[in-house]
$ cat data.pdb   # PDB, C-alpha atoms
ATOM      1  CA  LYS A   1      76.604 105.648 106.230
ATOM      2  CA  PRO A   2      76.553 106.075 109.986
ATOM      3  CA  GLU A   3      78.194 109.161 111.443
ATOM      4  CA  GLN A   4      81.865 108.793 112.252
ATOM      5  CA  PRO A   5      83.631 110.383 115.213
ATOM      6  CA  THR A   6      85.997 113.235 114.469
ATOM      7  CA  VAL A   7      88.045 115.855 116.300
ATOM      8  CA  PRO A   8      87.440 119.547 117.058
ATOM      9  CA  GLU A   9      88.562 121.688 114.085
ATOM     10  CA  PRO A  10      89.168 118.686 111.767
ATOM     11  CA  LEU A  11      91.390 118.849 108.685
ATOM     12  CA  ASP A  12      91.536 116.410 105.774
ATOM     13  CA  ASP A  13      94.701 115.735 103.755
ATOM     14  CA  GLY A  14      94.401 118.759 101.471
ATOM     15  CA  SER A  15      93.389 121.093 104.282
ATOM     16  CA  PHE A  16      96.415 119.992 106.287
ATOM     17  CA  PHE A  17      98.736 121.163 103.490
ATOM     18  CA  PHE A  18      97.076 124.583 103.499
ATOM     19  CA  PHE A  19      97.204 124.709 107.309
ATOM     20  CA  LEU A  20     100.967 124.014 107.290
ATOM     21  CA  ARG A  21     101.440 126.974 104.977
ATOM     22  CA  THR A  22     100.004 129.326 107.615
ATOM     23  CA  ILE A  23     102.033 128.478 110.717
ATOM     24  CA  PRO A  24     105.586 129.437 111.738
ATOM     25  CA  LEU A  25     108.026 126.616 110.958
ATOM     26  CA  GLU A  26     111.447 126.466 112.611
ATOM     27  CA  VAL A  27     114.264 124.160 111.473
ATOM     28  CA  GLY A  28     114.916 121.359 113.956
ATOM     29  CA  GLN A  29     111.454 121.531 115.507
ATOM     30  CA  THR A  30     108.826 118.790 115.438
ATOM     31  CA  TYR A  31     105.208 119.848 115.645
ATOM     32  CA  SER A  32     102.339 117.605 116.689
ATOM     33  CA  PHE A  33      98.716 118.208 115.705
ATOM     34  CA  ASN A  34      95.535 116.415 116.772
ATOM     35  CA  ARG A  35      93.494 117.891 113.936
ATOM     36  CA  TYR A  36      93.368 115.063 111.390
ATOM     37  CA  PHE A  37      89.703 114.279 110.753
ATOM     38  CA  LYS A  38      90.166 110.572 111.556
ATOM     39  CA  PRO A  39      90.866 110.514 115.313
ATOM     40  CA  ASP A  40      92.751 107.201 115.218
ATOM     41  CA  ARG A  41      95.330 108.723 112.840
ATOM     42  CA  ASN A  42      96.353 111.477 115.276
ATOM     43  CA  PRO A  43      98.663 112.975 116.121
ATOM     44  CA  VAL A  44     100.037 114.116 112.790
ATOM     45  CA  THR A  45     103.669 115.101 113.290
ATOM     46  CA  VAL A  46     105.661 117.437 111.086
ATOM     47  CA  THR A  47     109.420 117.775 111.454
ATOM     48  CA  VAL A  48     111.123 120.782 109.883
ATOM     49  CA  VAL A  49     114.215 119.067 108.515
ATOM     50  CA  ARG A  50     116.214 121.873 106.893
ATOM     51  CA  LYS A  51     116.219 124.854 104.560
ATOM     52  CA  GLU A  52     117.787 124.632 101.130
ATOM     53  CA  ARG A  53     117.747 126.153  97.670
ATOM     54  CA  ILE A  54     116.144 123.896  95.058
ATOM     55  CA  LYS A  55     115.517 123.937  91.334
ATOM     56  CA  VAL A  56     112.211 122.666  89.918
ATOM     57  CA  PRO A  57     110.698 123.191  86.453
ATOM     58  CA  ALA A  58     109.015 126.415  87.700
ATOM     59  CA  GLY A  59     112.362 127.936  88.748
ATOM     60  CA  THR A  60     114.853 128.117  91.612
ATOM     61  CA  PHE A  61     113.546 128.731  95.129
ATOM     62  CA  ASP A  62     114.595 128.918  98.764
ATOM     63  CA  ALA A  63     112.685 126.131 100.487
ATOM     64  CA  ILE A  64     111.695 124.726 103.875
ATOM     65  CA  VAL A  65     111.873 120.917 103.930
ATOM     66  CA  LEU A  66     109.241 119.078 105.992
ATOM     67  CA  HIS A  67     108.839 115.433 106.987
ATOM     68  CA  PRO A  68     105.147 114.809 107.789
ATOM     69  CA  THR A  69     103.930 111.601 109.445
ATOM     70  CA  VAL A  70     100.378 110.306 109.837
ATOM     71  CA  LYS A  71      99.421 107.198 111.849
ATOM     72  CA  ALA A  72      98.463 105.238 108.746
ATOM     73  CA  LYS A  73      99.839 103.379 105.774
ATOM     74  CA  GLY A  74     100.575 105.280 102.616
ATOM     75  CA  VAL A  75     102.686 108.151 101.350
ATOM     76  CA  PHE A  76     102.864 109.919 104.739
ATOM     77  CA  GLY A  77     102.521 106.809 106.910
ATOM     78  CA  GLU A  78     104.660 105.958 109.915
ATOM     79  CA  GLY A  79     108.071 104.718 108.847
ATOM     80  CA  GLY A  80     107.630 106.476 105.519
ATOM     81  CA  GLN A  81     110.232 108.605 103.845
ATOM     82  CA  ALA A  82     108.130 111.447 102.469
ATOM     83  CA  GLU A  83     109.404 115.004 102.317
ATOM     84  CA  LEU A  84     107.701 118.226 101.250
ATOM     85  CA  TRP A  85     109.444 121.383 100.075
ATOM     86  CA  LEU A  86     107.546 124.621 100.703
ATOM     87  CA  ALA A  87     108.708 128.003  99.414
ATOM     88  CA  ASP A  88     110.527 129.866 102.184
ATOM     89  CA  ASP A  89     108.519 133.037 101.629
ATOM     90  CA  SER A  90     105.055 134.334 102.435
ATOM     91  CA  SER A  91     103.429 132.162  99.740
ATOM     92  CA  ARG A  92     104.647 128.865 101.230
ATOM     93  CA  VAL A  93     103.650 127.247  97.932
ATOM     94  CA  MET A  94     104.497 123.534  97.655
ATOM     95  CA  LEU A  95     107.502 123.259  95.353
ATOM     96  CA  GLN A  96     108.183 119.560  95.447
ATOM     97  CA  MET A  97     107.227 116.318  97.171
ATOM     98  CA  LYS A  98     109.203 113.074  97.255
ATOM     99  CA  SER A  99     108.212 109.783  98.813
ATOM    100  CA  LYS A 100     109.611 106.263  98.671
ATOM    101  CA  LEU A 101     106.935 103.608  98.218
ATOM    102  CA  LYS A 102     107.006  99.800  98.240
ATOM    103  CA  ILE A 103     106.594  99.768  94.463
ATOM    104  CA  GLY A 104     109.041 102.592  93.715
ATOM    105  CA  SER A 105     108.926 106.294  94.397
ATOM    106  CA  LEU A 106     106.626 109.258  93.939
ATOM    107  CA  ASN A 107     108.147 112.596  92.934
ATOM    108  CA  LEU A 108     106.079 115.725  92.281
ATOM    109  CA  TYR A 109     107.561 119.020  91.085
ATOM    110  CA  LEU A 110     106.034 122.465  90.629
ATOM    111  CA  LYS A 111     105.939 122.969  86.887
ATOM    112  CA  LYS A 112     104.505 126.476  86.657
ATOM    113  CA  ILE A 113     103.267 129.207  88.951
ATOM    114  CA  THR A 114     101.162 132.183  87.951
ATOM    115  CA  PRO A 115     100.773 135.021  90.455
ATOM    116  CA  GLY A 116      97.145 135.650  91.372
ATOM    117  CA  THR A 117      95.389 138.961  91.671
ATOM    118  CA  ARG A 118      94.135 140.306  94.973
TER
END

$ encode --input "data.pdb" --output "structure tokens"
Amino acid sequence: KPEQPTVPEPLDDGSFFFFLRTIPLEVGQTYSFNRYFKPDRNPVTVTVVRKERIKVPAGTFDAIVLHPTVKAKGVFGEGGQAELWLADDSSRVMLQMKSKLKIGSLNLYLKKITPGTR
């Protein structure tokens, strides 16, 4: 395949989730990033919607609720209704994700978490 253009410090979908876990997130703020590896899909915007306490199979957690948007079709596409819940602590682990799709909905819940060793 021929080389494709990209951006400085590019992030793919999975890397973006890890990146979001490392930055300060303030309720009511919308953040814009030009780091998605496909330049035509930038900027990626992330709105910090609210904080709330949620219960998932892994337990009950304080969470930060995010609404990410990518210039594309799909789960996080423009006009989409996807939300991510990250733990409101230093781990920022993803607790839950919900998205409405044309064919129904996609709901993911953290089932189990095992603390790692450092």

$ resolve_selection --input "data.pdb" --expression "the PyMOL selection byres ((chain A and resi 60) around 12)" --output "ChimeraX atom specification"
/A:52-59,61-63,87-88,95-96,109-113

$ residues_near_point --input "data.pdb" --point "(99.3, 108.7, 112.0)" --cutoff "6 Å" --atoms "all atoms listed in the file" --output "MDAnalysis selection string"
chainID A and resid 41:44 70:72

$ closest_residue --input "data.pdb" --among "A:Arg21, A:Leu11, A:Val49, A:Ile103" --to "Arg35 (chain A)" --atoms "all atoms listed in the file"
A:Leu11

$ resolve_selection --input "data.pdb" --expression "the PyMOL selection byres ((chain A and resi 47) around 7)" --output "mmCIF file with C-alpha atoms, in the coordinates of the input"
data_model
loop_
_atom_site.group_PDB
_atom_site.id
_atom_site.type_symbol
_atom_site.label_atom_id
_atom_site.label_comp_id
_atom_site.auth_asym_id
_atom_site.auth_seq_id
_atom_site.Cartn_x
_atom_site.Cartn_y
_atom_site.Cartn_z
ATOM 1 C CA GLN A 29 111.454 121.531 115.507
ATOM 2 C CA THR A 30 108.826 118.790 115.438
ATOM 3 C CA TYR A 31 105.208 119.848 115.645
ATOM 4 C CA THR A 45 103.669 115.101 113.290
ATOM 5 C CA VAL A 46 105.661 117.437 111.086
ATOM 6 C CA VAL A 48 111.123 120.782 109.883
ATOM 7 C CA VAL A 49 114.215 119.067 108.515
ATOM 8 C CA LEU A 66 109.241 119.078 105.992
ATOM 9 C CA HIS A 67 108.839 115.433 106.987
ATOM 10 C CA PRO A 68 105.147 114.809 107.789
#

$ atom_distance --input "data.pdb" --atom1 "CA of Gln4 (chain A)" --atom2 "CA of Phe16 (chain A)"
19.3 Å

$ closest_residue --input "data.pdb" --among "A:Glu3, A:Glu83, A:Phe17, A:Asn34" --to "Lys98 (chain A)" --atoms "only C-alpha atoms"
A:Glu83

$ atom_distance --input "data.pdb" --atom1 "CA of Thr114 (chain A)" --atom2 "CA of Ser15 (chain A)"
21.2 Å

$ closest_residue --input "data.pdb" --among "A:Ser32, A:Gln81, A:Lys51, A:Asp40" --to "Gly104 (chain A)" --atoms "only C-alpha atoms"
A:Gln81

$ closest_residue --input "data.pdb" --among "A:Pro5, A:Gly14, A:Gly116, A:Gly28" --to "Met94 (chain A)" --atoms "all atoms listed in the file"
A:Gly14

$ resolve_selection --input "data.pdb" --expression "the PyMOL selection byres ((chain A and resi 10) around 6)" --output "PyMOL selection string"
chain A and resi 7-9+11+35-37

$ axis_aligned_box --input "data.pdb" --around "region 54-69 of chain A" --padding-each-side "4 Å" --output "AutoDock Vina command-line options"
--center_x 110.0 --center_y 120.3 --center_z 97.9 --size_x 20.2 --size_y 25.3 --size_z 31.0

$ closest_residue --input "data.pdb" --among "A:Ser90, A:Lys1, A:Pro115, A:Arg50" --to "Ile23 (chain A)" --atoms "all atoms listed in the file"
A:Ser90

$ atom_distance --input "data.pdb" --atom1 "CA of Leu101 (chain A)" --atom2 "CA of Val27 (chain A)"
25.5 Å

$ build_atoms --input "data.pdb" --residues "region 3-23 of chain A" --atoms "N, CA and C atoms" --output "PDB file, in the frame of the given file"
ATOM      1  N   GLU A   3      77.260 108.084 111.115  1.00  0.00           N
ATOM      2  CA  GLU A   3      78.194 109.161 111.443  1.00  0.00           C
ATOM      3  C   GLU A   3      79.460 108.576 112.045  1.00  0.00           C
ATOM      4  N   GLN A   4      80.567 109.214 111.737  1.00  0.00           N
ATOM      5  CA  GLN A   4      81.865 108.793 112.252  1.00  0.00           C
ATOM      6  C   GLN A   4      82.369 109.834 113.237  1.00  0.00           C
ATOM      7  N   PRO A   5      83.070 109.405 114.284  1.00  0.00           N
ATOM      8  CA  PRO A   5      83.631 110.383 115.213  1.00  0.00           C
ATOM      9  C   PRO A   5      84.726 111.192 114.523  1.00  0.00           C
ATOM     10  N   THR A   6      84.927 112.398 114.995  1.00  0.00           N
ATOM     11  CA  THR A   6      85.997 113.235 114.469  1.00  0.00           C
ATOM     12  C   THR A   6      86.576 114.055 115.616  1.00  0.00           C
ATOM     13  N   VAL A   7      87.374 115.026 115.297  1.00  0.00           N
ATOM     14  CA  VAL A   7      88.045 115.855 116.300  1.00  0.00           C
ATOM     15  C   VAL A   7      87.548 117.292 116.174  1.00  0.00           C
ATOM     16  N   PRO A   8      87.762 118.124 117.212  1.00  0.00           N
ATOM     17  CA  PRO A   8      87.440 119.547 117.058  1.00  0.00           C
ATOM     18  C   PRO A   8      88.341 120.154 115.971  1.00  0.00           C
ATOM     19  N   GLU A   9      87.822 121.018 115.159  1.00  0.00           N
ATOM     20  CA  GLU A   9      88.562 121.688 114.085  1.00  0.00           C
ATOM     21  C   GLU A   9      89.276 120.681 113.177  1.00  0.00           C
ATOM     22  N   PRO A  10      88.543 119.738 112.576  1.00  0.00           N
ATOM     23  CA  PRO A  10      89.168 118.686 111.767  1.00  0.00           C
ATOM     24  C   PRO A  10      89.714 119.198 110.437  1.00  0.00           C
ATOM     25  N   LEU A  11      90.786 118.547 109.981  1.00  0.00           N
ATOM     26  CA  LEU A  11      91.390 118.849 108.685  1.00  0.00           C
ATOM     27  C   LEU A  11      91.571 117.551 107.910  1.00  0.00           C
ATOM     28  N   ASP A  12      91.241 117.567 106.613  1.00  0.00           N
ATOM     29  CA  ASP A  12      91.536 116.410 105.774  1.00  0.00           C
ATOM     30  C   ASP A  12      92.932 116.602 105.180  1.00  0.00           C
ATOM     31  N   ASP A  13      93.337 115.692 104.290  1.00  0.00           N
ATOM     32  CA  ASP A  13      94.701 115.735 103.755  1.00  0.00           C
ATOM     33  C   ASP A  13      95.021 117.068 103.076  1.00  0.00           C
ATOM     34  N   GLY A  14      94.162 117.499 102.178  1.00  0.00           N
ATOM     35  CA  GLY A  14      94.401 118.759 101.471  1.00  0.00           C
ATOM     36  C   GLY A  14      94.398 119.958 102.390  1.00  0.00           C
ATOM     37  N   SER A  15      93.467 119.982 103.326  1.00  0.00           N
ATOM     38  CA  SER A  15      93.389 121.093 104.282  1.00  0.00           C
ATOM     39  C   SER A  15      94.636 121.166 105.151  1.00  0.00           C
ATOM     40  N   PHE A  16      95.204 119.998 105.471  1.00  0.00           N
ATOM     41  CA  PHE A  16      96.415 119.992 106.287  1.00  0.00           C
ATOM     42  C   PHE A  16      97.561 120.696 105.564  1.00  0.00           C
ATOM     43  N   PHE A  17      97.689 120.475 104.248  1.00  0.00           N
ATOM     44  CA  PHE A  17      98.736 121.163 103.490  1.00  0.00           C
ATOM     45  C   PHE A  17      98.558 122.673 103.576  1.00  0.00           C
ATOM     46  N   PHE A  18      97.327 123.146 103.412  1.00  0.00           N
ATOM     47  CA  PHE A  18      97.076 124.583 103.499  1.00  0.00           C
ATOM     48  C   PHE A  18      97.333 125.100 104.907  1.00  0.00           C
ATOM     49  N   PHE A  19      96.959 124.335 105.915  1.00  0.00           N
ATOM     50  CA  PHE A  19      97.204 124.709 107.309  1.00  0.00           C
ATOM     51  C   PHE A  19      98.703 124.878 107.562  1.00  0.00           C
ATOM     52  N   LEU A  20      99.517 123.933 107.080  1.00  0.00           N
ATOM     53  CA  LEU A  20     100.967 124.014 107.290  1.00  0.00           C
ATOM     54  C   LEU A  20     101.566 125.269 106.665  1.00  0.00           C
ATOM     55  N   ARG A  21     100.945 125.769 105.640  1.00  0.00           N
ATOM     56  CA  ARG A  21     101.440 126.974 104.977  1.00  0.00           C
ATOM     57  C   ARG A  21     101.214 128.224 105.813  1.00  0.00           C
ATOM     58  N   THR A  22     100.388 128.136 106.852  1.00  0.00           N
ATOM     59  CA  THR A  22     100.004 129.326 107.615  1.00  0.00           C
ATOM     60  C   THR A  22     100.683 129.455 108.971  1.00  0.00           C
ATOM     61  N   ILE A  23     101.449 128.455 109.374  1.00  0.00           N
ATOM     62  CA  ILE A  23     102.033 128.478 110.717  1.00  0.00           C
ATOM     63  C   ILE A  23     103.540 128.708 110.651  1.00  0.00           C
TER      64      ILE A  23
END
